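Pasting query27.txt here (compact mmCIF, C-alpha atoms):
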```
# COMPACT_ATOMS: atom_id res chain seq x y z
CA MET A 1 -22.88 -36.42 -110.57
CA ARG A 2 -21.14 -38.05 -107.59
CA PRO A 3 -19.17 -41.19 -108.51
CA GLY A 4 -20.07 -44.47 -106.84
CA TRP A 5 -17.89 -46.73 -104.68
CA ASN A 6 -14.62 -47.54 -106.34
CA PRO A 7 -13.11 -50.84 -105.06
CA VAL A 8 -9.74 -49.89 -106.55
CA ARG A 9 -9.43 -46.77 -104.41
CA ARG A 10 -7.17 -47.37 -101.41
CA ASN A 11 -8.61 -46.98 -97.93
CA LYS A 12 -6.74 -44.25 -96.02
CA HIS A 13 -6.40 -46.56 -93.00
CA VAL A 14 -4.69 -49.40 -94.85
CA GLY A 15 -1.20 -49.97 -93.46
CA THR A 16 -1.83 -47.92 -90.31
CA GLU A 17 -2.26 -48.88 -86.66
CA VAL A 18 -6.00 -48.15 -86.93
CA HIS A 19 -6.26 -50.90 -89.55
CA GLY A 20 -4.32 -53.31 -87.33
CA HIS A 21 -0.86 -52.80 -88.77
CA GLY A 22 1.79 -53.95 -86.30
CA ASN A 23 -0.57 -55.81 -83.97
CA ASN A 24 1.01 -59.15 -84.82
CA ASN A 25 4.63 -58.15 -84.26
CA ARG A 26 4.57 -56.48 -80.86
CA LEU A 27 7.41 -57.28 -78.49
CA THR A 28 6.38 -60.20 -76.27
CA ILE A 29 8.09 -62.83 -74.14
CA PRO A 30 8.03 -66.09 -76.14
CA GLU A 31 5.94 -68.96 -74.79
CA SER A 32 5.77 -72.57 -75.94
CA TRP A 33 2.52 -74.47 -76.48
CA HIS A 34 4.35 -77.69 -75.64
CA ASP A 35 5.87 -76.47 -72.37
CA MET A 36 3.55 -75.27 -69.61
CA ALA A 37 6.38 -73.87 -67.48
CA CYS A 38 6.59 -70.09 -67.14
CA TYR A 39 9.63 -68.36 -68.59
CA PHE A 40 11.07 -67.66 -65.13
CA GLU A 41 11.12 -71.42 -64.45
CA LYS A 42 13.42 -72.04 -67.41
CA LEU A 43 17.12 -71.89 -66.64
CA GLU A 44 19.57 -72.56 -69.47
CA SER A 45 22.15 -73.97 -67.08
CA TYR A 46 22.46 -73.81 -63.33
CA LEU A 47 24.42 -74.99 -60.33
CA VAL A 48 22.83 -76.51 -57.24
CA VAL A 49 24.14 -75.19 -53.93
CA ASN A 50 23.02 -76.79 -50.67
CA ARG A 51 22.92 -74.84 -47.44
CA THR A 52 21.63 -75.42 -43.92
CA VAL A 53 19.94 -72.31 -42.56
CA GLY A 54 18.42 -72.29 -39.08
CA GLY A 55 18.44 -76.08 -39.02
CA ARG A 56 16.59 -76.30 -42.35
CA LYS A 57 18.11 -77.46 -45.62
CA LEU A 58 17.71 -75.01 -48.50
CA ARG A 59 18.69 -75.45 -52.12
CA PHE A 60 19.99 -72.60 -54.24
CA LEU A 61 19.70 -72.89 -58.01
CA VAL A 62 22.23 -70.45 -59.44
CA GLU A 63 22.32 -69.55 -63.13
CA PRO A 64 25.56 -68.05 -64.53
CA THR A 65 25.32 -64.36 -65.40
CA ARG A 66 26.06 -62.68 -68.72
CA PRO A 67 28.79 -60.02 -69.09
CA ASP A 68 27.91 -56.76 -67.26
CA TRP A 69 25.23 -58.55 -65.20
CA PHE A 70 25.58 -59.66 -61.59
CA TYR A 71 23.63 -60.79 -58.54
CA PRO A 72 23.63 -57.95 -55.98
CA CYS A 73 23.89 -60.43 -53.07
CA THR A 74 25.73 -63.71 -52.58
CA VAL A 75 24.37 -67.07 -51.46
CA ASP A 76 26.02 -66.51 -48.06
CA ASP A 77 24.42 -63.03 -47.82
CA ILE A 78 20.98 -64.55 -48.33
CA CYS A 79 21.66 -67.29 -45.78
CA ALA A 80 22.77 -64.71 -43.22
CA VAL A 81 19.52 -62.74 -43.57
CA LEU A 82 17.24 -65.79 -43.59
CA SER A 83 18.95 -67.24 -40.52
CA HIS A 84 17.41 -64.41 -38.46
CA CYS A 85 13.85 -64.74 -39.80
CA GLY A 86 12.69 -67.60 -37.58
CA PRO A 87 11.78 -71.26 -38.15
CA TYR A 88 8.28 -70.59 -39.50
CA ALA A 89 9.48 -68.19 -42.18
CA LEU A 90 12.10 -70.71 -43.30
CA SER A 91 9.49 -73.48 -43.46
CA VAL A 92 7.44 -71.76 -46.20
CA ILE A 93 10.16 -71.92 -48.90
CA ASP A 94 12.19 -74.77 -50.39
CA PHE A 95 14.36 -73.01 -52.96
CA ILE A 96 16.15 -69.78 -53.66
CA VAL A 97 16.64 -69.30 -57.40
CA LEU A 98 19.18 -66.85 -58.80
CA ARG A 99 18.33 -66.43 -62.49
CA GLN A 100 19.64 -64.43 -65.43
CA PRO A 101 16.79 -62.72 -67.33
CA THR A 102 16.98 -62.20 -71.07
CA ARG A 103 17.12 -58.67 -72.50
CA LYS A 104 13.52 -58.98 -73.66
CA GLN A 105 12.37 -60.10 -70.19
CA ARG A 106 14.27 -57.18 -68.68
CA ILE A 107 12.42 -54.77 -70.97
CA LEU A 108 8.92 -56.23 -70.68
CA SER A 109 8.91 -57.58 -67.12
CA PRO A 110 11.66 -55.96 -65.02
CA VAL A 111 11.59 -57.14 -61.39
CA TRP A 112 13.97 -57.47 -58.46
CA GLY A 113 12.52 -60.83 -57.45
CA ARG A 114 9.45 -63.08 -57.43
CA ALA A 115 7.53 -65.29 -55.00
CA ILE A 116 6.65 -68.59 -56.72
CA TRP A 117 4.19 -70.89 -54.96
CA GLU A 118 5.19 -73.99 -56.97
CA PHE A 119 8.50 -73.70 -58.78
CA ASN A 120 9.11 -76.64 -61.14
CA LEU A 121 12.42 -77.33 -62.82
CA ASP A 122 13.68 -80.83 -63.63
CA GLU A 123 13.48 -82.82 -60.38
CA PHE A 124 12.99 -79.71 -58.22
CA SER A 125 9.51 -78.71 -57.16
CA GLY A 126 8.26 -76.49 -54.36
CA PRO A 127 7.77 -72.91 -53.15
CA ALA A 128 10.64 -70.63 -54.10
CA ILE A 129 11.95 -67.09 -54.08
CA VAL A 130 13.47 -65.97 -57.36
CA ILE A 131 16.16 -63.28 -57.32
CA GLU A 132 17.03 -61.83 -60.74
CA ALA A 133 20.42 -60.64 -61.95
CA GLN A 134 20.77 -56.89 -62.44
CA ARG A 135 22.95 -54.46 -64.34
CA LEU A 136 24.05 -50.89 -63.70
CA SER A 137 22.11 -49.35 -66.58
CA PRO A 138 19.62 -46.58 -65.67
CA ILE A 139 15.99 -47.56 -65.08
CA VAL A 140 13.39 -45.28 -66.67
CA TRP A 141 9.88 -44.88 -65.26
CA PRO A 142 7.04 -42.79 -66.72
CA ARG A 143 6.49 -39.32 -65.26
CA SER A 144 2.93 -40.18 -64.23
CA LEU A 145 2.92 -42.56 -61.24
CA ASN A 146 0.12 -44.13 -59.24
CA THR A 147 0.12 -44.29 -55.44
CA GLN A 148 1.94 -47.63 -55.24
CA GLN A 149 4.62 -46.50 -57.68
CA THR A 150 5.14 -43.23 -55.80
CA ARG A 151 5.71 -45.14 -52.57
CA GLU A 152 8.13 -47.51 -54.30
CA LEU A 153 10.07 -44.59 -55.73
CA GLU A 154 10.53 -43.21 -52.24
CA ARG A 155 11.74 -46.62 -51.04
CA LEU A 156 14.29 -46.68 -53.86
CA ARG A 157 15.56 -43.26 -52.79
CA LYS A 158 16.04 -44.56 -49.24
CA ASP A 159 17.89 -47.59 -50.63
CA GLY A 160 20.48 -45.22 -52.09
CA HIS A 161 19.39 -45.00 -55.72
CA THR A 162 19.64 -41.59 -57.41
CA VAL A 163 16.37 -40.35 -58.90
CA HIS A 164 16.28 -37.71 -61.67
CA ARG A 165 13.26 -36.29 -63.44
CA THR A 166 13.90 -35.83 -67.15
CA ARG A 167 11.80 -34.71 -70.11
CA CYS A 168 11.08 -38.34 -71.00
CA GLY A 169 10.32 -39.66 -67.53
CA ILE A 170 11.96 -40.54 -64.23
CA GLU A 171 15.49 -41.94 -64.45
CA ILE A 172 16.71 -44.15 -61.61
CA ARG A 173 20.48 -44.60 -61.45
CA THR A 174 21.77 -47.55 -59.48
CA THR A 175 25.02 -48.63 -57.86
CA HIS A 176 26.20 -52.01 -56.65
CA SER A 177 25.57 -50.91 -53.06
CA SER A 178 22.07 -49.55 -53.69
CA LEU A 179 21.07 -52.68 -55.62
CA ARG A 180 22.34 -54.87 -52.77
CA THR A 181 20.23 -52.90 -50.30
CA THR A 182 17.13 -53.19 -52.47
CA VAL A 183 17.49 -56.89 -53.26
CA LEU A 184 18.91 -58.28 -50.01
CA TYR A 185 17.20 -56.18 -47.35
CA ARG A 186 13.91 -55.46 -49.08
CA THR A 187 13.11 -57.75 -52.00
CA LEU A 188 14.18 -60.98 -50.30
CA LEU A 189 12.13 -60.16 -47.18
CA HIS A 190 9.25 -58.84 -49.30
CA GLU A 191 8.94 -62.09 -51.28
CA LEU A 192 9.29 -64.07 -48.06
CA GLY A 193 6.38 -62.01 -46.71
CA HIS A 194 4.28 -63.05 -49.72
CA HIS A 195 4.95 -66.71 -48.90
CA VAL A 196 4.05 -66.19 -45.23
CA ASP A 197 0.86 -64.39 -46.23
CA TYR A 198 -0.04 -67.06 -48.79
CA GLN A 199 0.08 -69.78 -46.11
CA ARG A 200 -2.51 -67.92 -44.03
CA TRP A 201 -5.28 -68.32 -46.61
CA SER A 202 -6.94 -70.92 -48.77
CA VAL A 203 -6.30 -70.73 -52.52
CA ASP A 204 -9.73 -69.20 -53.18
CA GLU A 205 -9.33 -66.67 -50.36
CA TRP A 206 -5.91 -65.68 -51.68
CA ARG A 207 -7.25 -65.12 -55.18
CA CYS A 208 -10.00 -62.89 -53.80
CA LYS A 209 -7.56 -60.62 -51.97
CA ALA A 210 -6.81 -57.32 -53.66
CA HIS A 211 -3.34 -56.89 -55.15
CA THR A 212 -2.70 -53.77 -53.06
CA GLU A 213 -3.61 -55.67 -49.89
CA LYS A 214 -1.08 -58.40 -50.71
CA GLU A 215 1.62 -55.86 -51.50
CA ASP A 216 0.96 -53.82 -48.35
CA PHE A 217 1.33 -56.95 -46.19
CA ALA A 218 4.62 -57.92 -47.87
CA HIS A 219 6.04 -54.39 -47.57
CA ARG A 220 5.03 -54.21 -43.91
CA TYR A 221 6.47 -57.67 -43.21
CA ALA A 222 9.82 -56.76 -44.80
CA GLN A 223 10.01 -53.40 -43.01
CA GLU A 224 9.22 -54.87 -39.59
CA ILE A 225 11.86 -57.59 -39.90
CA TYR A 226 14.46 -55.14 -41.16
CA MET A 227 13.76 -52.70 -38.32
CA GLU A 228 13.95 -55.47 -35.72
CA LEU A 229 17.24 -56.87 -37.07
CA SER A 230 18.79 -53.43 -37.50
CA MET A 231 17.95 -52.57 -33.87
CA ARG A 232 19.73 -55.77 -32.88
CA MET A 233 22.74 -54.59 -34.95
CA LEU A 234 22.40 -57.61 -37.27
CA LEU A 235 21.66 -55.56 -40.39
CA PRO A 236 23.20 -54.18 -42.49
CA PHE A 237 26.44 -56.12 -42.85
CA PRO A 238 29.31 -56.20 -45.40
CA SER A 239 28.99 -58.48 -48.40
CA ILE A 240 30.09 -62.06 -47.68
CA LEU A 241 32.21 -62.72 -50.75
CA ILE A 242 34.72 -65.40 -49.77
CA ASP A 243 36.72 -67.06 -52.56
CA GLU A 244 37.02 -70.36 -50.68
CA SER A 245 33.24 -70.58 -50.25
CA LEU A 246 32.65 -69.72 -53.91
CA GLN A 247 35.15 -72.30 -55.11
CA ALA A 248 33.63 -75.00 -52.90
CA ASP A 249 30.28 -74.45 -54.66
CA SER A 250 31.82 -73.94 -58.15
CA LEU A 251 30.53 -70.36 -58.20
CA HIS A 252 32.37 -67.48 -59.87
CA ARG A 253 33.20 -64.18 -58.18
CA GLU A 254 32.17 -62.16 -61.26
CA TRP A 255 28.60 -63.45 -60.91
CA PHE A 256 28.27 -61.42 -57.71
CA SER A 257 30.63 -58.52 -58.23
CA LEU A 258 31.75 -56.29 -61.11
CA SER A 259 35.15 -55.59 -59.52
```
Would you encode the structure as structure tokens?
Amino acid sequence: MRPGWNPVRRNKHVGTEVHGHGNNNRLTIPESWHDMACYFEKLESYLVVNRTVGGRKLRFLVEPTRPDWFYPCTVDDICAVLSHCGPYALSVIDFIVLRQPTRKQRILSPVWGRAIWEFNLDEFSGPAIVIEAQRLSPIVWPRSLNTQQTRELERLRKDGHTVHRTRCGIEIRTTHSSLRTTVLYRTLLHELGHHVDYQRWSVDEWRCKAHTEKEDFAHRYAQEIYMELSMRMLLPFPSILIDESLQADSLHREWFSLS
């Protein structure tokens, strides 16, 4: 005779992922119910640096870096590139934010930079480009890449990064020079392209645009500007790391260089 249901008998799925074990302790970026600001709008401490670029006043919000982290380009580097982008391009942004990501943000949302339509921090509010601090640790991508990721990997090779295929995935090894190329000559112009594109559409029209269409425009915008400026022998140029300029703005050399 077959025994009936025994409530004491333990279900084989109890304590496993199938039963939901671990779903409530996955690694996530903390958010506050009392603070509507996104995590990339929260700076622990920062310095305000004022610059005039192409006749327009820009504010830089610079967050100190942690040990072994640095910004691949200086404030003066960014000003030098933006000064050649034209009055209209400069009119679509109010701030350049240099921020230090946390280790958890680096793991879950690694980026070179961001285009923020309405950056809000204390008394500052307006469109901004966020440039994130980097470190020289290898970057690991999965072996299986989509079309957009394959194109980006090729761009990283051209920037000077070393790409190795391993058993676990694709390992991207960076240097200070390759990071500077990626951030200053591509990411900065790419995020600026997003702002230029955003101004061409209404909010509803922008939301209806496909993500790939937005990315293709920004990549094309950055490439065209870089090609034009390089033909005019304006790019690339050596890093502008002047101690007198850093001291005048209370910035530290180690925030921008590991040497």
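Between atom CA of Arg165 of chain A and atom CA of Thr181 of chain A there is a distance of 22.3 Å.
For the pair atom CA of Leu90 of chain A and atom CA of Gly113 of chain A, the interatomic distance is 17.3 Å.
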Which of these, A:His195, A:Arg186, A:Arg180, A:Arg207, has the shortest distance to Ile93 of chain A once you count all atoms listed in the file?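 Looking only at the distances to Ile93 of chain A, the closest residue turns out to be A:His195.
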Considering all atoms listed in the file, state which residue in the set A:Thr162, A:Trp112, A:Leu61, A:Val92 is at the smallest distance from Arg200 of chain A.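 Closest to Arg200 of chain A of all the choices is A:Val92.
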Atomic separation - atom CA of Ser230 of chain A relative to atom CA of Tyr88 of chain A, Å: 20.2 Å
Closest atom pairs, segment 69-163 of chain A residues within 12 Å of segment 219-222 of chain A, only C-alpha atoms, as JSON lines:
```
{"residue": "A:Val81", "atom": "CA", "partner": "A:Ala222", "partner_atom": "CA", "distance": 11.5}
{"residue": "A:Leu82", "atom": "CA", "partner": "A:Ala222", "partner_atom": "CA", "distance": 11.7}
{"residue": "A:Cys85", "atom": "CA", "partner": "A:Ala222", "partner_atom": "CA", "distance": 10.2}
{"residue": "A:Ala89", "atom": "CA", "partner": "A:Tyr221", "partner_atom": "CA", "distance": 11.0}
{"residue": "A:Gln148", "atom": "CA", "partner": "A:His219", "partner_atom": "CA", "distance": 11.0}
{"residue": "A:Arg151", "atom": "CA", "partner": "A:His219", "partner_atom": "CA", "distance": 10.5}
{"residue": "A:Glu152", "atom": "CA", "partner": "A:His219", "partner_atom": "CA", "distance": 9.8}
{"residue": "A:Arg155", "atom": "CA", "partner": "A:His219", "partner_atom": "CA", "distance": 10.2}
```
Writer output for current selection, C-alpha atoms, as a PDB file, in the frame of the given file:
```pdb
ATOM      1  CA  VAL A  81      19.520 -62.740 -43.570  1.00  0.00           C
ATOM      2  CA  LEU A  82      17.240 -65.790 -43.590  1.00  0.00           C
ATOM      3  CA  CYS A  85      13.850 -64.740 -39.800  1.00  0.00           C
ATOM      4  CA  ALA A  89       9.480 -68.190 -42.180  1.00  0.00           C
ATOM      5  CA  GLN A 148       1.940 -47.630 -55.240  1.00  0.00           C
ATOM      6  CA  ARG A 151       5.710 -45.140 -52.570  1.00  0.00           C
ATOM      7  CA  GLU A 152       8.130 -47.510 -54.300  1.00  0.00           C
ATOM      8  CA  ARG A 155      11.740 -46.620 -51.040  1.00  0.00           C
TER       9      ARG A 155
END
```
I'd like the contact shell of Lys42 of chain A - 9 Å cut-off, all atoms listed in the file, skipping same-chain residues fewer than 6 positions apart - returned as a list in words.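 So the residues in contact are Arg99, Asn120 and Leu121 of chain A.
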Counting only C-alpha atoms, find residues at most 6 Å from (17.2, -64.0, -53.2) (file frame) and give them as a VMD selection string. chain A and resid 96 130 to 131 188
Considering all atoms listed in the file, can you say which of A:Glu41, A:Asp77, A:Glu191, A:Asp216 comes closest to Pro236 of chain A?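 Among A:Glu41, A:Asp77, A:Glu191, A:Asp216, it is A:Asp77 that comes nearest to Pro236 of chain A.
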For Pro101 of chain A, work out the shell of residues within 10 Å, counting only C-alpha atoms and skipping chain neighbours fewer than 3 positions away, then give it as an MDAnalysis selection string. chainID A and resid 39:40 42:43 63 65:66 69 98 104:107 109:111 132:134
Which one is closest to Arg51 of chain A: A:Asp94, A:Asp243, A:Asp204, A:Asp122? Count all atoms listed in the file.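 Between A:Asp94, A:Asp243, A:Asp204, A:Asp122, the residue approaching Arg51 of chain A most closely is A:Asp94.
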Would you pick out the contacts of Asp249 of chain A at 9 Å or less, using only C-alpha atoms, so that residues sharing its chain but fewer than 2 positions from it are not included, and give the list as a list in words? Leu47, Val48, Val49, Asn50, Glu244, Ser245, Leu246, Gln247, Leu251 and His252 of chain A
Pick from A:Cys38, A:Arg157, A:Met233, A:Ser91 nearest to Gly55 of chain A, counting only C-alpha atoms: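 Residue with the minimum atom-to-atom distance to Gly55 of chain A: A:Ser91.
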From the options A:Pro67, A:Gly54, A:Pro142, A:Pro72, which residue's atoms come nearest to Val183 of chain A, counting only C-alpha atoms?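 Among A:Pro67, A:Gly54, A:Pro142, A:Pro72, it is A:Pro72 that comes nearest to Val183 of chain A.
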Polymer residues at most 7 Å from (20.4, -46.6, -57.6) by all atoms listed in the file, as an MDAnalysis selection string: chainID A and resid 160:162 172:175 178:179
